[in-house]
Amino acid sequence: MSLSRVIAAPQWIQTQTDTPKALKGKNGAREKKVIHPYSRKAAQMTREAHKQVRKEKLKNDKALRLSIIGEKLQWFQNHLEPSKVQYSKKDACELIESYLNRFSSELEQIELHNSIKDRQGRRHHSRETVIKQTMERERQQFEGYGFEIPDIVDPGNLKTFREWDLDLKKLPNIKMRKICANDAVTKKSKKKRVISVDKVLEELELKDESSDSDEEMTPVT
């Protein structure tokens with residue numbers, strides 16, 4: 001075998017190896033398949049996108065609710081009396097009254113700013129509206145079916161609440177309780193009130209009966 005044939009073989013192999021493969025699509029990349037807007041795939045992608053949006057909204061709403069509850073509980077924790085180991089329902093009602101009036105000073109400042117002469121329009125109007133709506137809603141809850149607070153009437157839960165480190169993940173450890181404005185009235189006072197009301201009604205019925213009998217005895221002329 002001649003030396004020229006031995007040398008020629010690698011040149012042929014090298015030439016075959018360096019030959020590029022056929023390129024697919026433009027610029028050597030595969031073209032992406034275009035999805036028809038009315039196809040099943042498009043509908044599936046739309047459903048998935050809506051599902052993700054709903055999931056994010058629920059997550060944000062839950063975080064907002066927890067934040068509001070956390071701020072509310074922090075207020076009550078900061079306003080607990082250090083010496084108290086247990087609160088009566090009347091004490092709890094007084095604490096709630098303080099909470100419901102927590103915006104009073106801010107409203108006074110807004111009114112003061114708006115009362116100054118030469119001011120055009122009401123300043124902080126949106127903030128004032130939100131505060132008044134919040135106060136009205138909370139007042140209705142307190143005087144209606146009850147306003148929810150940490151159960152400070154229970155000594156054990158009061159201790160747990162005092163030791164709370166403001167971690168929102170630990171909120172399930174704090175037992176909540178609804179307190180009504182009517183809870184400030186003791187059972188003895190309620191009983192007296194019921195008796196007095198019954199007595200008044202009884203007197204009114206007797207008065208009506210006597211007036212009816214007088215009308216019957218009046219001669220007809």
# chains A, B, ... in the order shown; residues from 1 in each chain; ligands from 1

$ residues_around --residues "region 172-176 of chain A" --least-positions-apart "6" --cutoff "12 Å" --atoms "only C-alpha atoms" --output "list in words"
Leu66, Ile69, Gly70, Leu73, Gln77, Gly146, Phe147, Glu148, Ile149, Pro150, Asp151, Ile152, Val153, Asp154, Pro155, Gly156, Asn157, Leu158, Lys159, Thr160, Phe161, Arg162, Glu163, Trp164, Asp165 and Leu166 of chain A

$ closest_residue --among "A:Cys93, A:Ala43, A:Leu168, A:Val53" --to "Ala184 (chain A)" --atoms "only C-alpha atoms"
A:Cys93

$ select_by_dssp --residues "region 8-187 of chain A" --states "alpha helix (DSSP H)" --output "number ranges by chain"
A: 8-17, 40-78, 89-100, 104-115, 125-143, 155-162, 187

$ residues_around --residues "Glu94 (chain A)" --least-positions-apart "3" --cutoff "12 Å" --atoms "only C-alpha atoms" --output "list in words"
Phe76, His79, Leu80, Tyr87, Ser88, Lys89, Lys90, Asp91, Glu97, Ser98, Tyr99, Leu100, Asn101, Phe142, Ile179, Cys180, Ala181, Asn182, Asp183, Ala184 and Val185 of chain A

$ atom_distance --atom1 "CA of Thr129 (chain A)" --atom2 "CA of Ile116 (chain A)"
19.4 Å
